[in-house]
Every structure is written in structure tokens, then in C-alpha cells.
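What follows is a short report on a single structure.
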Amino acid sequence: MRTSEAEVAFTVHNPGDPVPATLRGTVFYTQTFDPSQHRAVLLLHGGTLDRRFWDGFTMPGAVRFPAELACHGDTAVFTVDRLGYGESPYDRGPGSGFRLTPDAYIETTHEMIAQIREGSYKVLDGPAPPRGAAGIVLGGQSIGAAVTELYATRYQDIDGLVPFGWSNQMFVLPGTSSSMFIKLLNEVVTPQLNAGADYIYFFPPENSNYSKYCEQAVYHVPGVDPDILTQACANGLHNQVPVGELTGARSMAEEITANLSKVGPIPVLFMYARQDNMVPGPQWGGLEGNDVDIMTPEIAHWKANSKCRFLVYVIEETSHDFPLHKSAERTVQEISRWLKSF
């Protein structure tokens, strides 16, 4: 089935800022999408990334994840550059990165969801999609997944939740952060914070035009095509992370953990990569010096405290940046089956 796509824009507001901002995005859909009957999916990228991440950075041989998802199910899939990333810059002078907090992302997501449901977003280029949606499923990767979970504790206007590669326990339970996450914080992030930067590199440019930090942190080398890996970790491909998002991660995890009873009841599909070095998944057993499954407390906490119906899917031979791995097509199929189950 052929997929159409269009470039779109949302008008949003960062709380406390009277000047509206524009978020750029892309919508993928097929001619069978009927907004009176079918749901839309909104995908939020993680830190360092932008919406190109979901689309394999348009690299030859990479799976076009949102296009494939639209093809497999009767859904329209929206990918966006969150505020401060990609084609959605947030230039408010020095210190702008401190103003992009979890609250900023929750409220701008709320505005996007309303505009998708109403069909009131702008189409900038490409064929105009059918406007509106019968419901919204919210998905996100890494800290983008944290945004989706926090969103679900504050707003009850979504029909499903798909967090990829996130664990609140990394911040809530002592000793459960991955060694790679700690390494990046100590060696890369902290020096930039101490220097007063308001946007932070996780994968700083290297003389070789290839970031080994990137490879080690977010890819499972045997599970990625070598040509795609070379391009994925090239200098300049990854964005800097707004400091407000980074420094707000702990409080975001704590708030989610404390308020799971406010989520749902909605279906939730947790997705974890087996070889994730940033957020270790079920049975990973890769923490230095022990064999702790850090996701088990996360899943147990959701079971005990939320009203959700949820499934857990472990993506094999895959790490943190899952759409660029060879397993991406299987992952699309799993999400599509889940979407059709409710």
C-alpha cells in the first residue's frame, strides 16, 4: 500500500513565554485512513535526535519506520521536532535551553494532540491528509518516552501509550543507572554544564568524523548495517540537548513514579531493546559487578500502581536507537498488531 506524506506545522506555547513557537513535523498516511474511525499516532524523539530519527535519517537501506507503521495499520503517524530540536528552534537569547523543561514539552504536546484531533495544524508541503482523528496514541523514545509517561499522568486525552527505552528506576532507585549513562554524564555532560552551556552535546564532534560515544551508547553493532552505523554516528547528525530537559529528567521520573495511579485506564505497550546500553532492558544483566534486571522494578511498579492494560515487548539484537537496527521491521509489525488489538 502506498504511503503519502506531508510537512506540517503546529503553533505551540512554552508556559511563561507570551511569544508562540512553531513545531515542524511530518505526517505519514495511506488513502485508507479515515479520521472518523481511525486513530493517529504521535511520536516524540529522544534527546540528541529530531524527527528524522524515526525515518531512518532517510539513509539508504534504513526502514522508514513511520511510513511502514502507517502502511501496516489504519493510522496516520505524526513525527515532530520537539521545541529546541531540528527545524523547531527556540531562540530566546542566551539561556534559552534552560527554558525547555519537562513542563514545556508536556504543554506543547498537549497543544499538538488537540490540533491533530481537530485537524487544525498547518500543511506546509505535500498532499493534504484527511483532517482529524478518532483518537490519539502517544509514543516516545528515551527521554521522549518519559515525556509521554508524564503526559499521561497529567492529561487523560490519549487512547494508548508506547514508551520505547525508558526506565524511571534509573533515577528513582539507587544503583540502577547503566554504566554507559554514568560514563556520558561524567566524561561528556558534566564538563559542559560546569562551563555554563545551555545546550549540551552527548556525542561531541570528533576528529575522525565518527563518534565512538554514539556507537557504544545507542547501537548494538551486530544488529546494524555497517553503512547505516557509519552514517548514524557521523559528526553533526545528532543535536545538542536543552539543559532544562536534561536537568529536569530526575524530577520527571520521580513525578511519573509517584502518579501512575492517574494514568489510564489505557493500553500501554512497553518496548525495550535487549542490548540497550543506555537503558538496560529485561534480562539484560549487564550492570557492572552484578546481574540486576533494572526493568523488573519498573514493570512491577506499573502493575501495582496503574490502571493500565499493558504488554512488554523486548526487541532482540537491538540497542537504544532501535529504528536504525535490522529489527525495525519486526518492531513495526509488533506495534501494528498491538494497535489493532483495541
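Chain labels A, B, ... are given in the sequence in which chains occur in the C-alpha cells; within each chain residues are numbered consecutively from 1, and ligands are likewise numbered from 1 in the order shown.
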Step one, run DSSP on the backbone; step two, keep only residues of segment 85-324 of chain A assigned to strand (DSSP E or B); then write them as number ranges by chain. A: 85, 88, 122-125, 135-141, 160-164, 199-200, 210, 234, 241-242, 267-273, 309-315
Go ahead and write the selection's residues with N, CA, C and O atoms as a compact mmCIF listing (two decimals), in the first residue's frame.
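The result, stored in part26.txt:
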```txt
# COMPACT_ATOMS: atom_id res chain seq x y z
N TYR A 85 14.84 21.52 18.91
CA TYR A 85 15.50 20.49 18.11
C TYR A 85 15.18 20.70 16.62
O TYR A 85 14.09 21.17 16.25
N SER A 88 12.66 23.00 14.68
CA SER A 88 11.82 23.70 15.67
C SER A 88 12.70 24.44 16.67
O SER A 88 12.70 24.14 17.87
N LYS A 122 -1.19 23.17 10.41
CA LYS A 122 -0.96 23.69 9.05
C LYS A 122 -0.25 22.64 8.20
O LYS A 122 0.64 21.94 8.68
N VAL A 123 -0.62 22.55 6.95
CA VAL A 123 0.11 21.74 5.97
C VAL A 123 1.01 22.67 5.18
O VAL A 123 0.54 23.62 4.53
N LEU A 124 2.32 22.43 5.24
CA LEU A 124 3.29 23.31 4.60
C LEU A 124 3.67 22.83 3.21
O LEU A 124 3.98 23.64 2.33
N ASP A 125 3.70 21.51 3.02
CA ASP A 125 4.12 20.98 1.74
C ASP A 125 3.62 19.54 1.61
O ASP A 125 3.58 18.80 2.60
N GLY A 135 -8.94 9.19 17.59
CA GLY A 135 -8.23 9.03 18.86
C GLY A 135 -6.76 9.26 18.62
O GLY A 135 -6.30 9.35 17.48
N ILE A 136 -5.99 9.35 19.70
CA ILE A 136 -4.55 9.61 19.62
C ILE A 136 -3.81 8.59 20.47
O ILE A 136 -4.14 8.38 21.65
N VAL A 137 -2.79 7.97 19.87
CA VAL A 137 -1.85 7.13 20.62
C VAL A 137 -0.53 7.89 20.67
O VAL A 137 -0.05 8.38 19.64
N LEU A 138 0.03 8.01 21.86
CA LEU A 138 1.25 8.79 22.06
C LEU A 138 2.43 7.86 22.29
O LEU A 138 2.39 6.99 23.17
N GLY A 139 3.48 8.01 21.50
CA GLY A 139 4.68 7.21 21.65
C GLY A 139 5.91 8.09 21.76
O GLY A 139 5.92 9.22 21.28
N GLY A 140 6.95 7.56 22.39
CA GLY A 140 8.18 8.32 22.52
C GLY A 140 9.35 7.41 22.81
O GLY A 140 9.18 6.30 23.30
N GLN A 141 10.54 7.89 22.47
CA GLN A 141 11.77 7.13 22.68
C GLN A 141 12.67 7.84 23.69
O GLN A 141 12.80 9.07 23.67
N GLY A 160 -3.81 5.51 24.02
CA GLY A 160 -2.80 4.49 24.20
C GLY A 160 -1.44 5.13 24.35
O GLY A 160 -1.23 6.31 24.01
N LEU A 161 -0.49 4.35 24.87
CA LEU A 161 0.83 4.87 25.19
C LEU A 161 1.88 3.84 24.79
O LEU A 161 1.74 2.65 25.08
N VAL A 162 2.94 4.30 24.09
CA VAL A 162 4.02 3.40 23.67
C VAL A 162 5.37 4.01 24.06
O VAL A 162 5.95 4.79 23.31
N PRO A 163 5.88 3.69 25.26
CA PRO A 163 7.22 4.17 25.64
C PRO A 163 8.30 3.21 25.15
O PRO A 163 8.25 2.01 25.41
N PHE A 164 9.29 3.75 24.43
CA PHE A 164 10.43 2.97 23.95
C PHE A 164 11.66 3.31 24.78
O PHE A 164 12.06 4.48 24.86
N TYR A 199 22.92 24.34 26.02
CA TYR A 199 22.66 23.18 25.17
C TYR A 199 23.87 22.27 25.27
O TYR A 199 25.01 22.74 25.19
N ILE A 200 23.63 20.96 25.43
CA ILE A 200 24.70 20.02 25.77
C ILE A 200 24.86 18.96 24.68
O ILE A 200 23.89 18.38 24.21
N TYR A 210 33.52 10.50 13.32
CA TYR A 210 32.72 9.37 13.78
C TYR A 210 32.78 9.34 15.30
O TYR A 210 33.86 9.41 15.89
N ALA A 234 27.92 9.81 12.55
CA ALA A 234 28.74 10.83 11.93
C ALA A 234 28.61 12.15 12.68
O ALA A 234 27.57 12.44 13.29
N VAL A 241 21.33 18.84 23.41
CA VAL A 241 20.17 18.66 24.28
C VAL A 241 19.96 19.92 25.12
O VAL A 241 20.91 20.40 25.75
N PRO A 242 18.74 20.48 25.15
CA PRO A 242 18.49 21.63 26.03
C PRO A 242 18.73 21.27 27.49
O PRO A 242 18.28 20.22 27.96
N PRO A 267 -4.48 1.23 27.14
CA PRO A 267 -3.48 0.22 26.79
C PRO A 267 -2.09 0.86 26.73
O PRO A 267 -1.94 1.98 26.23
N VAL A 268 -1.09 0.14 27.21
CA VAL A 268 0.30 0.60 27.17
C VAL A 268 1.16 -0.52 26.60
O VAL A 268 1.03 -1.68 27.01
N LEU A 269 2.02 -0.18 25.66
CA LEU A 269 2.98 -1.13 25.10
C LEU A 269 4.38 -0.66 25.46
O LEU A 269 4.87 0.33 24.90
N PHE A 270 5.03 -1.34 26.42
CA PHE A 270 6.41 -1.02 26.77
C PHE A 270 7.33 -1.74 25.80
O PHE A 270 7.21 -2.95 25.60
N MET A 271 8.29 -1.01 25.24
CA MET A 271 9.24 -1.60 24.31
C MET A 271 10.65 -1.37 24.82
O MET A 271 11.04 -0.22 25.09
N TYR A 272 11.41 -2.45 24.97
CA TYR A 272 12.79 -2.38 25.45
C TYR A 272 13.70 -3.13 24.49
O TYR A 272 13.34 -4.17 23.95
N ALA A 273 14.89 -2.59 24.28
CA ALA A 273 15.88 -3.26 23.44
C ALA A 273 16.75 -4.16 24.32
O ALA A 273 17.23 -3.72 25.38
N ARG A 309 -3.85 -1.56 30.98
CA ARG A 309 -3.65 -2.88 30.40
C ARG A 309 -2.37 -2.79 29.58
O ARG A 309 -2.31 -2.03 28.62
N PHE A 310 -1.34 -3.54 29.95
CA PHE A 310 -0.11 -3.34 29.21
C PHE A 310 0.58 -4.65 28.83
O PHE A 310 0.39 -5.70 29.43
N LEU A 311 1.37 -4.51 27.77
CA LEU A 311 2.23 -5.57 27.27
C LEU A 311 3.67 -5.07 27.29
O LEU A 311 3.92 -3.86 27.24
N VAL A 312 4.60 -6.02 27.35
CA VAL A 312 6.03 -5.70 27.27
C VAL A 312 6.61 -6.44 26.08
O VAL A 312 6.43 -7.66 25.96
N TYR A 313 7.27 -5.71 25.20
CA TYR A 313 7.91 -6.33 24.04
C TYR A 313 9.39 -6.03 24.07
O TYR A 313 9.81 -4.87 24.15
N VAL A 314 10.21 -7.09 24.03
CA VAL A 314 11.67 -6.95 24.04
C VAL A 314 12.17 -7.10 22.60
O VAL A 314 11.93 -8.12 21.96
N ILE A 315 12.86 -6.09 22.11
CA ILE A 315 13.38 -6.10 20.74
C ILE A 315 14.76 -6.73 20.76
O ILE A 315 15.70 -6.20 21.37
```
Which residues are close to Ala9 of chain A, i.e. within 12 Å by only C-alpha atoms, leaving aside same-chain residues fewer than 6 positions away? Reply as a PyMOL selection string. chain A and resi 21-27+78-83+87-88+111-112+115-116+119-125
re atom CA of Asn277 of chain A and atom CA of Ser179 of chain A: distance 7.8 Å
Selection near Gly264 of chain A, 9 Å with only C-alpha atoms, sequence-local residues under 3 positions removed, as a CSV table (one decimal) with C-alpha atoms, in the first residue's frame:
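Dumped to result18.csv:
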```csv
chain,number,residue,atom,x,y,z
A,152,ALA,CA,-0.4,10.5,30.7
A,153,THR,CA,-0.3,11.3,34.5
A,156,GLN,CA,-6.4,11.9,30.1
A,158,ILE,CA,-4.9,9.9,24.8
A,159,ASP,CA,-6.1,6.4,23.8
A,160,GLY,CA,-2.8,4.5,24.2
A,260,LEU,CA,1.0,6.3,38.0
A,261,SER,CA,-2.5,5.9,39.5
A,267,PRO,CA,-3.5,0.2,26.8
A,306,SER,CA,-1.6,2.0,37.4
A,307,LYS,CA,-5.0,1.0,35.9
A,308,CYS,CA,-3.5,0.2,32.5
A,309,ARG,CA,-3.6,-2.9,30.4
```
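Pairwise distance (atom CA of Thr101 of chain A, atom CA of Asn186 of chain A) equals 21.7 Å.
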Selection near Ser336 of chain A, 8 Å with only C-alpha atoms, sequence-local residues under 6 positions removed, as a VMD selection string: chain A and resid 69 72 to 73
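Our summary of the geometry notes that atom CA of Gly46 of chain A is positioned 9.9 Å from atom CA of His320 of chain A.
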Choose the residue, out of A:Glu68, A:Asp74, A:Asp50, A:Asp103, that has the smallest atom-to-atom separation from Pro15 of chain A; count only C-alpha atoms. A:Asp103
Run DSSP on the backbone of this structure and report the residues of segment 3-190 of chain A it assigns to helix (DSSP H, G or I), as a count of residues only. 65
